[in-house]
Structure formats: C-alpha cells, structure tokens
$ cat work03.cif   # mmCIF, C-alpha atoms
data_final
loop_
_atom_site.label_atom_id
_atom_site.label_comp_id
_atom_site.auth_asym_id
_atom_site.auth_seq_id
_atom_site.Cartn_x
_atom_site.Cartn_y
_atom_site.Cartn_z
CA MET N 1 8.26 10.22 -10.98
CA THR N 2 6.63 7.24 -9.29
CA ASP N 3 4.78 5.74 -12.27
CA THR N 4 6.76 2.61 -13.16
CA PRO N 5 5.29 1.99 -16.64
CA ASN N 6 5.84 5.66 -17.52
CA ARG N 7 9.40 5.49 -16.18
CA SER N 8 10.15 2.47 -18.40
CA ARG N 9 9.24 4.52 -21.49
CA ARG N 10 11.29 7.57 -20.57
CA SER N 11 15.05 7.90 -20.70
CA ALA N 12 17.16 8.76 -17.69
CA VAL N 13 17.88 12.18 -19.21
CA GLU N 14 14.16 12.87 -19.65
CA ARG N 15 13.33 11.82 -16.11
CA LEU N 16 16.23 13.84 -14.71
CA GLU N 17 15.10 16.98 -16.54
CA ALA N 18 11.57 16.46 -15.23
CA ALA N 19 12.98 16.20 -11.69
CA LEU N 20 15.07 19.34 -12.14
CA ASP N 21 11.99 21.15 -13.43
CA ARG N 22 10.14 20.09 -10.27
CA ILE N 23 12.96 21.45 -8.11
CA ARG N 24 12.73 24.80 -9.91
CA SER N 25 8.93 24.88 -10.01
CA PRO N 26 7.11 27.53 -7.93
CA GLU N 27 4.63 24.79 -7.00
CA THR N 28 7.29 23.02 -4.95
CA GLU N 29 9.81 24.16 -2.36
CA GLY N 30 12.96 22.97 -4.05
CA SER N 31 15.15 25.59 -2.39
CA LYS N 32 14.04 24.30 1.01
CA VAL N 33 14.21 20.63 0.00
CA PHE N 34 17.75 20.65 -1.43
CA THR N 35 20.88 22.14 0.07
CA ALA N 36 22.79 21.38 -3.16
CA VAL N 37 21.71 20.36 -6.66
CA PHE N 38 24.26 18.62 -8.90
CA ASP N 39 22.79 19.63 -12.27
CA ASP N 40 25.86 19.12 -14.46
CA ASN N 41 27.14 15.92 -12.84
CA ALA N 42 23.64 14.45 -12.80
CA ARG N 43 23.20 15.20 -16.51
CA ASP N 44 26.48 13.43 -17.26
CA GLU N 45 25.42 10.42 -15.16
CA ALA N 46 21.98 10.26 -16.79
CA ALA N 47 23.45 10.45 -20.29
CA ALA N 48 25.92 7.67 -19.43
CA ALA N 49 23.04 5.50 -18.13
CA ASP N 50 21.13 6.02 -21.38
CA ARG N 51 24.18 5.03 -23.41
CA ARG N 52 24.53 1.84 -21.38
CA ALA N 53 20.84 1.08 -21.85
CA ALA N 54 21.17 1.57 -25.63
CA THR N 55 24.05 -0.89 -25.84
CA GLY N 56 22.57 -3.47 -23.45
CA SER N 57 25.33 -2.96 -20.87
CA THR N 58 23.14 -1.77 -18.01
CA ARG N 59 24.52 -2.02 -14.48
CA GLY N 60 21.27 -3.35 -13.07
CA PRO N 61 17.82 -2.12 -12.06
CA MET N 62 19.16 1.02 -10.38
CA ASP N 63 21.02 2.18 -13.47
CA GLY N 64 19.63 5.59 -14.41
CA ARG N 65 17.38 5.98 -11.37
CA ILE N 66 17.18 9.53 -9.98
CA VAL N 67 18.42 9.55 -6.37
CA SER N 68 18.73 12.27 -3.72
CA VAL N 69 21.01 11.91 -0.71
CA LYS N 70 20.71 13.43 2.76
CA ALA N 71 23.03 16.31 3.63
CA LEU N 72 24.98 14.22 6.17
CA PHE N 73 26.70 12.13 3.48
CA ASP N 74 30.15 13.03 2.19
CA VAL N 75 30.16 14.00 -1.47
CA ALA N 76 33.65 14.58 -2.83
CA GLY N 77 34.47 18.26 -3.15
CA GLY N 78 31.64 19.51 -0.96
CA VAL N 79 31.33 20.32 2.73
CA THR N 80 29.21 17.91 4.78
CA THR N 81 27.12 20.40 6.75
CA SER N 82 24.60 17.91 8.22
CA GLY N 83 22.01 20.64 8.57
CA SER N 84 24.17 22.82 10.81
CA ALA N 85 25.64 26.29 10.34
CA VAL N 86 28.57 25.47 12.64
CA LEU N 87 29.83 22.80 10.22
CA ARG N 88 29.86 25.01 7.13
CA GLY N 89 33.48 25.95 7.75
CA LEU N 90 34.75 22.36 7.68
CA PRO N 91 37.07 21.24 4.87
CA ALA N 92 35.46 19.75 1.79
CA ALA N 93 35.10 15.98 1.71
CA VAL N 94 37.96 14.29 -0.15
CA GLY N 95 35.81 11.35 -1.22
CA ASP N 96 32.27 10.02 -1.38
CA ALA N 97 30.62 8.18 1.48
CA VAL N 98 30.58 4.41 0.95
CA VAL N 99 26.86 4.42 0.15
CA LEU N 100 27.49 7.07 -2.54
CA GLN N 101 30.22 4.90 -4.02
CA ASN N 102 27.83 1.95 -4.15
CA LEU N 103 25.07 4.03 -5.74
CA ARG N 104 27.37 5.40 -8.44
CA ALA N 105 28.75 1.91 -9.16
CA ALA N 106 25.15 0.77 -9.74
CA GLY N 107 24.54 3.60 -12.19
CA ALA N 108 22.35 5.80 -9.98
CA VAL N 109 22.00 9.45 -10.96
CA ILE N 110 22.73 11.58 -7.88
CA ILE N 111 20.61 14.72 -8.26
CA GLY N 112 21.57 16.52 -5.04
CA LYS N 113 21.75 16.75 -1.27
CA THR N 114 18.57 17.12 0.76
CA GLN N 115 17.74 19.25 3.78
CA MET N 116 17.69 17.66 7.22
CA THR N 117 17.29 18.62 10.85
CA GLU N 118 20.48 19.80 12.50
CA PHE N 119 22.83 16.83 13.13
CA ALA N 120 19.77 14.59 12.40
CA PHE N 121 18.83 15.27 16.01
CA SER N 122 15.07 15.81 15.85
CA ALA N 123 12.11 14.14 14.21
CA LEU N 124 9.75 16.87 12.99
CA GLY N 125 11.87 18.15 10.08
CA THR N 126 12.43 21.73 11.20
CA ASN N 127 15.71 23.53 10.59
CA PRO N 128 16.40 27.20 11.43
CA HIS N 129 19.60 27.24 9.35
CA ASP N 130 18.54 25.76 6.00
CA GLY N 131 14.78 26.27 6.12
CA THR N 132 11.99 23.75 6.55
CA PRO N 133 10.13 22.22 3.60
CA GLY N 134 6.40 21.91 4.14
CA ASN N 135 4.61 18.58 4.16
CA PRO N 136 3.48 17.75 0.58
CA SER N 137 -0.07 17.15 1.86
CA ASP N 138 -0.21 20.54 3.60
CA ARG N 139 2.70 22.98 3.37
CA LYS N 140 1.78 24.44 6.75
CA ARG N 141 2.58 21.12 8.44
CA ALA N 142 5.81 19.39 9.40
CA PRO N 143 7.21 16.87 6.88
CA GLY N 144 8.80 14.69 9.56
CA GLY N 145 12.51 14.25 10.05
CA SER N 146 15.28 14.10 10.31
CA SER N 147 15.24 12.98 6.65
CA SER N 148 12.78 15.74 5.83
CA GLY N 149 14.11 16.93 2.48
CA ALA N 150 14.58 13.29 1.49
CA VAL N 151 10.91 12.38 1.80
CA VAL N 152 9.67 15.59 0.17
CA SER N 153 12.03 15.04 -2.76
CA VAL N 154 10.34 11.69 -3.44
CA VAL N 155 6.72 12.62 -2.76
CA ASP N 156 7.00 15.86 -4.75
CA GLY N 157 8.67 14.21 -7.76
CA MET N 158 12.15 15.72 -7.38
CA ALA N 159 13.75 12.27 -7.05
CA GLU N 160 12.62 8.70 -7.51
CA ILE N 161 14.48 7.39 -4.46
CA ALA N 162 16.01 9.17 -1.47
CA ILE N 163 18.78 7.96 0.83
CA GLY N 164 18.37 8.93 4.47
CA SER N 165 19.55 7.91 7.90
CA ASP N 166 17.55 6.49 10.78
CA THR N 167 18.80 6.75 14.38
CA GLY N 168 15.43 6.86 16.13
CA GLY N 169 12.98 6.81 13.25
CA SER N 170 14.41 9.45 10.91
CA ILE N 171 13.50 7.49 7.77
CA ARG N 172 10.20 5.98 8.92
CA ILE N 173 8.79 9.10 10.60
CA PRO N 174 8.93 11.32 7.49
CA ALA N 175 7.71 8.39 5.40
CA ALA N 176 4.66 8.07 7.66
CA LEU N 177 3.92 11.78 7.99
CA SER N 178 4.43 12.58 4.30
CA GLY N 179 3.13 9.42 2.61
CA ALA N 180 6.00 7.21 1.43
CA VAL N 181 7.71 3.89 2.17
CA GLY N 182 10.74 4.05 4.45
CA PHE N 183 13.04 1.16 5.40
CA LYS N 184 15.49 0.98 8.33
CA PRO N 185 17.88 -2.00 8.20
CA THR N 186 19.54 -3.92 10.99
CA SER N 187 22.59 -2.03 12.26
CA GLY N 188 25.79 -2.89 10.38
CA ARG N 189 24.00 -4.09 7.23
CA ILE N 190 24.92 -0.89 5.39
CA SER N 191 28.18 0.98 5.92
CA THR N 192 27.94 4.34 7.68
CA ALA N 193 31.49 5.35 6.64
CA GLY N 194 31.45 8.89 5.30
CA ALA N 195 28.20 9.81 7.04
CA PHE N 196 27.96 12.26 9.92
CA SER N 197 27.34 10.22 13.08
CA LEU N 198 24.56 11.27 15.42
CA SER N 199 24.86 8.02 17.38
CA SER N 200 27.47 5.39 16.63
CA SER N 201 25.33 2.90 18.57
CA LEU N 202 22.06 3.51 16.72
CA ASP N 203 22.75 5.03 13.28
CA THR N 204 21.48 3.16 10.23
CA ILE N 205 21.15 4.11 6.55
CA GLY N 206 18.29 3.24 4.25
CA PRO N 207 15.93 4.30 1.46
CA ILE N 208 12.72 6.29 1.18
CA ALA N 209 10.72 5.53 -1.95
CA ALA N 210 7.25 5.22 -3.40
CA SER N 211 7.23 1.41 -3.20
CA VAL N 212 8.66 -1.51 -1.29
CA ALA N 213 10.14 -2.83 -4.53
CA ASP N 214 12.28 0.31 -4.88
CA CYS N 215 13.38 -0.05 -1.24
CA VAL N 216 14.38 -3.68 -1.85
CA MET N 217 16.41 -2.75 -4.93
CA THR N 218 18.08 0.18 -3.18
CA ASP N 219 18.85 -1.84 -0.06
CA GLU N 220 20.74 -4.38 -2.15
CA VAL N 221 22.80 -1.63 -3.77
CA LEU N 222 23.52 0.13 -0.47
CA THR N 223 24.87 -3.06 1.06
CA GLY N 224 27.50 -3.17 -1.68
CA GLU N 225 26.28 -6.40 -3.22
CA THR N 226 26.92 -6.83 -6.93
CA PRO N 227 24.17 -8.22 -9.17
CA THR N 228 25.87 -11.61 -9.19
CA GLN N 229 26.24 -11.63 -5.41
CA ALA N 230 22.81 -10.26 -4.55
CA GLN N 231 20.09 -12.67 -3.62
CA PRO N 232 16.81 -12.29 -5.51
CA ALA N 233 14.57 -9.62 -3.99
CA SER N 234 11.93 -12.23 -3.19
CA PRO N 235 13.38 -15.77 -3.47
CA GLU N 236 10.26 -17.18 -1.82
CA PRO N 237 7.12 -15.03 -2.06
CA ALA N 238 5.76 -14.24 1.40
CA THR N 239 2.36 -15.90 1.21
CA PRO N 240 0.03 -15.57 4.22
CA GLU N 241 0.96 -19.11 5.28
CA THR N 242 4.64 -18.22 5.69
CA PHE N 243 4.34 -15.51 8.36
CA ARG N 244 2.13 -14.08 11.05
CA LEU N 245 1.64 -10.59 12.38
CA THR N 246 1.39 -9.58 16.02
CA ILE N 247 -0.12 -6.22 16.93
CA ALA N 248 2.11 -4.60 19.55
CA ARG N 249 -0.76 -3.48 21.77
CA GLY N 250 -0.06 -1.61 24.97
CA ARG N 251 1.82 1.58 25.67
CA LEU N 252 2.74 2.24 22.04
CA PHE N 253 -0.95 2.81 21.30
CA ASP N 254 -1.33 5.49 23.98
CA ARG N 255 -2.25 8.98 22.75
CA CYS N 256 -2.97 7.75 19.22
CA GLU N 257 -5.13 10.12 17.18
CA ALA N 258 -8.53 8.73 16.26
CA GLY N 259 -7.69 9.06 12.56
CA VAL N 260 -4.48 7.07 12.96
CA LEU N 261 -6.22 4.32 14.94
CA ASP N 262 -9.07 4.12 12.44
CA ALA N 263 -6.64 3.81 9.53
CA PHE N 264 -4.59 1.19 11.36
CA GLU N 265 -7.59 -0.95 12.31
CA ALA N 266 -8.98 -0.68 8.76
CA ALA N 267 -5.64 -1.92 7.44
CA VAL N 268 -5.68 -4.84 9.89
CA GLN N 269 -9.14 -5.85 8.72
CA ARG N 270 -8.11 -5.64 5.07
CA LEU N 271 -5.06 -7.83 5.71
CA ARG N 272 -7.18 -10.36 7.58
CA SER N 273 -9.59 -10.46 4.64
CA HIS N 274 -6.64 -11.59 2.52
CA GLY N 275 -5.94 -14.49 4.86
CA VAL N 276 -3.13 -12.99 6.96
CA ARG N 277 -2.99 -14.32 10.50
CA ILE N 278 -2.97 -11.38 12.91
CA ASP N 279 -2.93 -11.74 16.69
CA ASP N 280 -2.95 -9.23 19.52
CA GLY N 281 0.20 -9.11 21.59
CA SER N 282 2.55 -6.75 23.40
CA ILE N 283 6.21 -5.76 23.55
CA ASP N 284 5.82 -3.92 26.84
CA PRO N 285 8.50 -6.07 28.56
CA ALA N 286 11.00 -4.83 25.95
CA LEU N 287 9.77 -1.27 26.51
CA ASN N 288 10.60 -1.72 30.19
CA ASP N 289 14.17 -2.63 29.21
CA ILE N 290 14.40 0.50 27.07
CA ALA N 291 13.01 2.62 29.90
CA ASP N 292 15.79 1.34 32.17
CA ILE N 293 18.31 2.75 29.70
CA ASP N 294 16.43 6.01 29.24
CA ARG N 295 16.50 6.64 32.96
CA ILE N 296 20.29 6.93 32.67
CA GLY N 297 20.49 8.86 29.41
CA THR N 298 20.10 8.65 25.63
CA PHE N 299 22.76 7.50 23.19
CA PRO N 300 22.42 10.34 20.65
CA SER N 301 22.80 13.03 23.32
CA ILE N 302 26.07 11.50 24.45
CA GLU N 303 27.54 10.25 21.19
CA VAL N 304 26.90 13.30 19.01
CA GLY N 305 29.03 15.27 21.45
CA ALA N 306 31.90 12.91 20.72
CA THR N 307 31.33 13.34 16.96
CA LEU N 308 31.45 17.13 17.26
CA ARG N 309 34.54 17.01 19.43
CA GLY N 310 36.22 14.83 16.79
CA LEU N 311 35.43 17.50 14.18
CA GLY N 312 37.02 20.16 16.37
CA ILE N 313 33.71 21.66 17.52
CA SER N 314 33.94 22.34 21.26
CA CYS N 315 31.71 25.43 21.49
CA LEU N 316 27.97 24.91 20.97
CA ASP N 317 27.25 28.55 20.12
CA GLY N 318 25.37 28.83 16.83
CA ILE N 319 23.55 25.52 17.31
CA ASP N 320 19.74 25.53 17.42
CA PRO N 321 18.86 25.97 21.14
CA LYS N 322 16.47 22.98 20.95
CA THR N 323 19.37 20.81 19.80
CA LYS N 324 21.96 22.43 22.03
CA ALA N 325 19.98 21.60 25.17
CA ARG N 326 19.96 17.89 24.34
CA ILE N 327 23.69 17.80 23.60
CA GLU N 328 24.41 19.56 26.89
CA ALA N 329 22.29 16.98 28.71
CA GLY N 330 24.38 14.18 27.24
CA ALA N 331 27.61 15.89 28.28
CA GLY N 332 26.64 15.42 31.91
CA ILE N 333 26.50 11.60 31.73
CA LEU N 334 29.35 9.85 33.52
CA ALA N 335 31.47 7.36 31.60
CA VAL N 336 30.51 4.56 34.00
CA ASP N 337 26.84 5.26 33.33
CA TYR N 338 27.41 5.23 29.58
CA VAL N 339 28.98 1.78 29.91
CA ARG N 340 25.95 0.68 31.93
CA MET N 341 23.72 1.89 29.08
CA LEU N 342 25.70 -0.13 26.55
CA ARG N 343 25.44 -3.28 28.65
CA LEU N 344 21.74 -2.83 29.30
CA ARG N 345 21.08 -2.33 25.59
CA HIS N 346 23.06 -5.45 24.68
CA ALA N 347 20.93 -7.48 27.09
CA ALA N 348 17.71 -5.88 25.81
CA VAL N 349 18.60 -6.64 22.17
CA ARG N 350 19.37 -10.27 22.99
CA SER N 351 16.20 -10.70 25.06
CA PHE N 352 13.93 -9.21 22.37
CA GLU N 353 15.54 -11.28 19.63
CA GLN N 354 14.84 -14.43 21.65
CA SER N 355 11.21 -13.40 22.22
CA PHE N 356 10.29 -13.70 18.52
CA THR N 357 8.41 -16.81 17.49
CA GLU N 358 8.83 -18.46 14.10
CA ASN N 359 8.16 -16.06 11.20
CA GLU N 360 6.67 -13.39 13.47
CA VAL N 361 6.53 -9.68 12.66
CA PHE N 362 5.17 -6.98 14.96
CA ILE N 363 2.91 -4.26 13.55
CA LEU N 364 1.74 -0.95 14.98
CA PRO N 365 1.18 2.65 13.89
CA THR N 366 4.48 4.25 12.85
CA THR N 367 3.61 7.42 14.73
CA PRO N 368 0.63 7.99 17.04
CA ILE N 369 -0.15 11.32 15.37
CA ARG N 370 -0.20 12.79 11.90
CA ALA N 371 1.87 15.79 10.84
CA PRO N 372 1.49 18.71 13.27
CA LEU N 373 1.25 22.31 12.12
CA LEU N 374 4.66 23.96 11.96
CA SER N 375 3.24 26.88 13.93
CA SER N 376 2.30 24.51 16.75
CA VAL N 377 5.92 23.37 17.31
CA GLU N 378 7.63 26.75 17.40
CA GLU N 379 7.46 27.05 21.18
CA GLU N 380 10.16 24.92 22.83
CA SER N 381 8.04 22.84 25.21
CA ALA N 382 5.53 22.02 22.46
CA PHE N 383 8.38 21.10 20.12
CA HIS N 384 9.84 18.62 22.59
CA GLU N 385 6.42 17.11 23.31
CA PHE N 386 5.59 16.51 19.63
CA ASN N 387 9.16 15.42 18.90
CA GLY N 388 9.07 12.82 21.66
CA LEU N 389 5.67 11.61 20.54
CA VAL N 390 6.62 10.90 16.93
CA LEU N 391 9.89 9.27 18.04
CA ARG N 392 8.27 7.01 20.62
CA ASN N 393 7.23 4.09 18.41
CA PRO N 394 9.96 4.04 15.74
CA ARG N 395 12.91 4.33 18.15
CA VAL N 396 12.04 0.93 19.61
CA ALA N 397 13.50 -0.77 16.51
CA ASN N 398 16.71 1.27 16.81
CA MET N 399 17.16 0.53 20.50
CA LEU N 400 16.50 -3.19 19.93
CA ASP N 401 18.47 -3.31 16.64
CA CYS N 402 15.67 -4.66 14.44
CA PRO N 403 14.86 -4.03 10.79
CA SER N 404 11.71 -1.95 10.41
CA ILE N 405 9.65 -0.48 7.60
CA SER N 406 6.82 2.04 7.39
CA LEU N 407 4.08 1.60 4.78
CA PRO N 408 1.66 4.41 3.95
CA LEU N 409 -1.90 3.98 5.22
CA SER N 410 -4.95 5.04 3.28
CA VAL N 411 -6.57 7.91 5.16
CA ASP N 412 -8.61 10.98 4.38
CA GLY N 413 -6.38 14.04 4.37
CA LEU N 414 -3.02 13.72 6.10
CA PRO N 415 -0.92 10.55 5.69
CA ALA N 416 -0.25 7.99 8.41
CA GLY N 417 1.99 4.93 8.57
CA LEU N 418 1.83 1.22 9.34
CA MET N 419 5.12 0.04 10.87
CA LEU N 420 6.52 -3.49 10.75
CA ILE N 421 9.30 -4.62 13.11
CA GLY N 422 11.12 -7.83 12.24
CA ARG N 423 13.65 -10.06 13.94
CA ARG N 424 17.23 -8.77 14.03
CA ASN N 425 19.12 -9.60 10.79
CA ALA N 426 15.93 -10.88 9.12
CA ASP N 427 15.89 -7.89 6.76
CA ARG N 428 15.13 -9.78 3.57
CA GLN N 429 12.26 -11.66 5.15
CA LEU N 430 10.78 -8.41 6.45
CA LEU N 431 11.01 -6.78 3.02
CA GLU N 432 9.31 -9.76 1.39
CA ILE N 433 6.48 -9.61 3.92
CA ALA N 434 6.20 -5.85 3.48
CA SER N 435 5.90 -6.29 -0.28
CA THR N 436 3.05 -8.76 0.18
CA LEU N 437 1.24 -6.50 2.65
CA GLU N 438 1.69 -3.49 0.35
CA THR N 439 -0.08 -5.34 -2.45
CA MET N 440 -2.93 -6.36 -0.16
CA LEU N 441 -3.40 -2.85 1.22
CA GLN N 442 -3.54 -1.40 -2.29
CA SER N 443 -5.98 -3.98 -3.66
#

$ encode --input "work03.cif" --output "structure tokens"
Amino acid sequence: MTDTPNRSRRSAVERLEAALDRIRSPETEGSKVFTAVFDDNARDEAAAADRRAATGSTRGPMDGRIVSVKALFDVAGGVTTSGSAVLRGLPAAVGDAVVLQNLRAAGAVIIGKTQMTEFAFSALGTNPHDGTPGNPSDRKRAPGGSSSGAVVSVVDGMAEIAIGSDTGGSIRIPAALSGAVGFKPTSGRISTAGAFSLSSSLDTIGPIAASVADCVMTDEVLTGETPTQAQPASPEPATPETFRLTIARGRLFDRCEAGVLDAFEAAVQRLRSHGVRIDDGSIDPALNDIADIDRIGTFPSIEVGATLRGLGISCLDGIDPKTKARIEAGAGILAVDYVRMLRLRHAAVRSFEQSFTENEVFILPTTPIRAPLLSSVEEESAFHEFNGLVLRNPRVANMLDCPSISLPLSVDGLPAGLMLIGRRNADRQLLEIASTLETMLQS
C-alpha cells in the first residue's frame, strides 16, 4: 500500500480490493482497527476514480487514494460514536464532516471508520468498548492513540492515508509508536465542523501516512483548497541553507529510554552530515507557561464535558473509568479559573511565537518511550503514568498552537519518532523542511 511506483501501476479498484483483503486477513486485526467498513460505497468511489483517470479528468493527486477516517467524524447516515458506548444511541449524522466533504470532492476513496480511544481522551490507543488493535511491530504492545486504528490502518496496508485528530498528540503519538508520519496543523487551518470535540481550544485535524509527501497532499485537500487555489507543495525546496534546527534540550528529554535517545542522536548526526545546522537550545520558559495553566486545570477535561452536555449526555455511567475520572476532574473547575486558563494560554502562545528566530524549527523525540506492553497499562495508576509520559512532549505544540510533525526514526525493534515544532501558521514551511529531513534520514 505504501509503494508509490507500484501504486502508479495499479488501479484504484485493485488497490481498494487489496486493502479490503488486508482488513479481512487473519494476519491483521481489521475488526479491531475499523468500527465500520464502507465496502460498497468505496467500490463505487474507486470505480469512478478509475473512469476519471481513463478519460484524463482526474480531480488531482488524491483522486483514487484509499483513505480511512477516525470514528469521531460525521459520515452521513451513520452514528458518530467517537469510541464510546454511551454515544451509540445518538441519531445518525445527516451529513458528512467538512473534511469528508473535501476528501470526496478530491476523489478520495473512503474505506471506513477507524477505532479510537473513547472521546479521543487518552494517548495509548486502548478502548474497552471497541477493542484495541495491537501495534504492528508487536501485537502485544500499544499502538498509540487516540488515532490508534488510523495509524494501524496505514502501517498494516488497510489504507494509504488516514485522517485523525490531534488534541494533545493524538496523530503524532501513534505515528511515533507505530512507525508512520503524522502531521498536526496550526489550529483553525482545517475545519473541525462535523467532528466530535474533545477540546474546542486544542482540537486539530490532520493526516497519518507513510510519507511527508502524502501528508502535504492530504493537508492541502483537508484545508478545502482546490487545485487552482493550492500553492505548490514545495514552492522553494528547503535546502540546509534556508533553515536551522534547535534541539529542545531540557525537561522534555527527562525519562527518555536509551533506545529513543540513541535513535534521536543518530538522526541528529546524520542530518548534520548533510549540512543541516543544528544547535542545542531549550523551550523550558514556554514549559513554565504551560505548567502555570496545568496547575489550574486542563482544557480537554473541562471542554469535553461541555461537548457531552450538548449531546444530551449528563450521566457518565458506562464511560471507561479511566476517562470518567478525568471528565469529573474538569467538572470541578470554576468558570473564573477557566477564563484564567484561556488568558494564560493566549499569552503563552504569543510569547512562544515571538521567541522563534528566522527560519527556526525545534526538534526533539516525539515520545520519550517506545510502545509499552498492553498488559503493563491495565492497572489504572500505570495507565495514567504511561499516558502522561507519551503526551508530555507532543502536547506542547497543541498548547502553544504550533504546527508539528513526527517522522519515523530508524531503530532496532520498536519504532520511535523525531518531532519537529514550527512557528505558528508556518505550516507549509514546516512540511517543506520535514520533506527535506525525511530524504536525508532515509539516505
């Protein structure tokens, strides 16, 4: 599914059938990866894409690509369960989420909805309601979440591209733990209309794929740009002279596994050998600003309660106890304190944006650990410890409203990730730099 030359020789129908075979294969965990598979509709879409290709009327580079979407997106005629049993009784969606509309307009073939953690409110990928897909590198380990089914669908060849959401790392964490590329845009770049909202302050939508190029293409489609409106993916190639990297040393390197550190430092040396300027630095002052907010509360804990209330859910019975405890904690935050959090975050975002120097990008490990064993996170205290640890680094970009991308690192055994954090609203520049670094790391 990820071999570009092979894809160019195969029709959309052929690639779709191969993906459907992978979903049904006993070698994979398709029933745990997908909460719904749209066989008939996907076949119609793939056949239409092939007809357009035959007549030269293609809708662009995404026409005929096989795409999975996270279970928190509205798909007309289906219930948006968002990984939760308590939402299964909601009315069916009357229309597609905006991102689904944009994908269909670009000719994408929507193969199905993927499993996620309940309400997208945890980062390991576990779900007691819909099941938990194992990590493709080791089925006994966590895939990462909350876009867990999304990443497994790509890595295991059930889709070419997956659409997920990222509120505190939910695209980049599974990408790092399972071995893919995951991109989180600046907030507001992509419409969240028709997507279940964990946190109206922090939610973003983006792609998981096998390459930066596929993320660039998908990002353009998700924004709603037409081919004539879209800027070229790389109008000016990001040569080493046009940017510099700063390693965000300090607290975000605490408790890093030796294997993660070794892979990160090896990547740094490889990039330097290609002429990339890389300096040591720190974003600890920004972390202090985030800590000031965290001492009051967390946005998802507060804001998901408002989302549930808006859906008519006032009783938390039937919700995973690990999730329920966090929602209950948010319910105790006073309105005046919530306003303080909003103001502190606004100041932190502005301060961090002003701290960037010309063409600077911060780099660090996406997560300080690799995928933990699922058996090791069953007990509640261990779950919260591992969950907090994998969230720690990625959530910085959400709190400070920056674009961020995770690239897979070359390691023995379990995957790890290299995370880039760019200046707010400099999404295209970050993607261009990521594409250049990807090539260097693979050479």

$ resolve_selection --input "work03.cif" --expression "the PyMOL selection byres ((chain N and resi 268-285) around 9)" --output "list in words"
Thr239, Pro240, Glu241, Phe243, Arg244, Leu245, Thr246, Ile247, Ala248, Arg249, Gly250, Arg251, Leu252, Ala263, Phe264, Glu265, Ala266, Ala267, Ala286, Leu287, Asn288, Asp289, Ile290, Phe352, Phe362, Leu437, Met440 and Leu441 of chain N

$ resolve_selection --input "work03.cif" --expression "the PyMOL selection byres ((chain N and resi 294) around 12)" --output "number ranges by chain"
N: 287-293, 295-301, 330, 333, 337-338, 340-342, 344-345, 392, 395-396, 399

$ closest_residue --input "work03.cif" --among "N:Ala371, N:Met419, N:Asp39, N:Thr366" --to "Lys140 (chain N)" --atoms "all atoms listed in the file"
N:Ala371

$ atom_distance --input "work03.cif" --atom1 "CA of Asp203 (chain N)" --atom2 "CA of Ile163 (chain N)"
13.4 Å

$ resolve_selection --input "work03.cif" --expression "the PyMOL selection byres ((chain N and resi 383) around 12)" --output "list in words"
Ser122, Ala123, Leu124, Gly125, Thr126, Ala142, Pro321, Lys322, Thr323, Pro372, Leu373, Leu374, Ser375, Ser376, Val377, Glu378, Glu379, Glu380, Ser381, Ala382, His384, Glu385, Phe386, Asn387, Gly388, Leu389 and Val390 of chain N

$ closest_residue --input "work03.cif" --among "N:Pro185, N:Arg141, N:Leu400, N:Ile313" --to "Leu90 (chain N)" --atoms "only C-alpha atoms"
N:Ile313

$ closest_atom_pairs --input "work03.cif" --of "region 93-190 of chain N" --to "region 83-88 of chain N" --cutoff "9 Å" --atoms "all atoms listed in the file" --output "tab-separated table"
residue	atom	partner	partner_atom	distance
N:Gln115	CA	N:Gly83	CA	6.6
N:Met116	CA	N:Gly83	CA	5.4
N:Thr117	CA	N:Gly83	CA	5.6
N:Glu118	CA	N:Gly83	CA	4.3
N:Phe119	CA	N:Gly83	CA	6.0
N:Ala120	CA	N:Gly83	CA	7.5
N:Asn127	CA	N:Gly83	CA	7.2
N:Pro128	CA	N:Ser84	CA	8.9
N:His129	CA	N:Ala85	CA	6.2
N:Asp130	CA	N:Gly83	CA	6.7

$ closest_residue --input "work03.cif" --among "N:Gln354, N:Phe183, N:Leu198, N:Leu72" --to "Leu430 (chain N)" --atoms "all atoms listed in the file"
N:Phe183

$ closest_residue --input "work03.cif" --among "N:Val69, N:Ala193, N:Val221, N:Ala48" --to "Val151 (chain N)" --atoms "all atoms listed in the file"
N:Val69

$ atom_distance --input "work03.cif" --atom1 "CA of Ala105 (chain N)" --atom2 "CA of Asp63 (chain N)"
8.9 Å

$ closest_residue --input "work03.cif" --among "N:Leu391, N:Ile23, N:Ile205, N:Ala195" --to "Ala71 (chain N)" --atoms "all atoms listed in the file"
N:Ala195

$ residues_near_point --input "work03.cif" --point "(21.8, 24.0, -1.6)" --cutoff "8 Å" --atoms "only C-alpha atoms" --output "number ranges by chain"
N: 31, 34-37, 113-114

$ write_last_selection --input "work03.cif" --atoms "C-alpha atoms" --output "PDB file, in the coordinates of the input"
ATOM      1  CA  SER N  31      15.150  25.590  -2.390  1.00  0.00           C
ATOM      2  CA  PHE N  34      17.750  20.650  -1.430  1.00  0.00           C
ATOM      3  CA  THR N  35      20.880  22.140   0.070  1.00  0.00           C
ATOM      4  CA  ALA N  36      22.790  21.380  -3.160  1.00  0.00           C
ATOM      5  CA  VAL N  37      21.710  20.360  -6.660  1.00  0.00           C
ATOM      6  CA  LYS N 113      21.750  16.750  -1.270  1.00  0.00           C
ATOM      7  CA  THR N 114      18.570  17.120   0.760  1.00  0.00           C
TER       8      THR N 114
END

$ atom_distance --input "work03.cif" --atom1 "CA of Gly78 (chain N)" --atom2 "CA of Gly164 (chain N)"
17.8 Å

$ closest_residue --input "work03.cif" --among "N:Ala416, N:Ser410, N:Ala348, N:Ala397" --to "Pro368 (chain N)" --atoms "only C-alpha atoms"
N:Ala416

$ residues_around --input "work03.cif" --residues "Ser314 (chain N)" --least-positions-apart "6" --cutoff "10 Å" --atoms "only C-alpha atoms" --output "count of residues only"
3
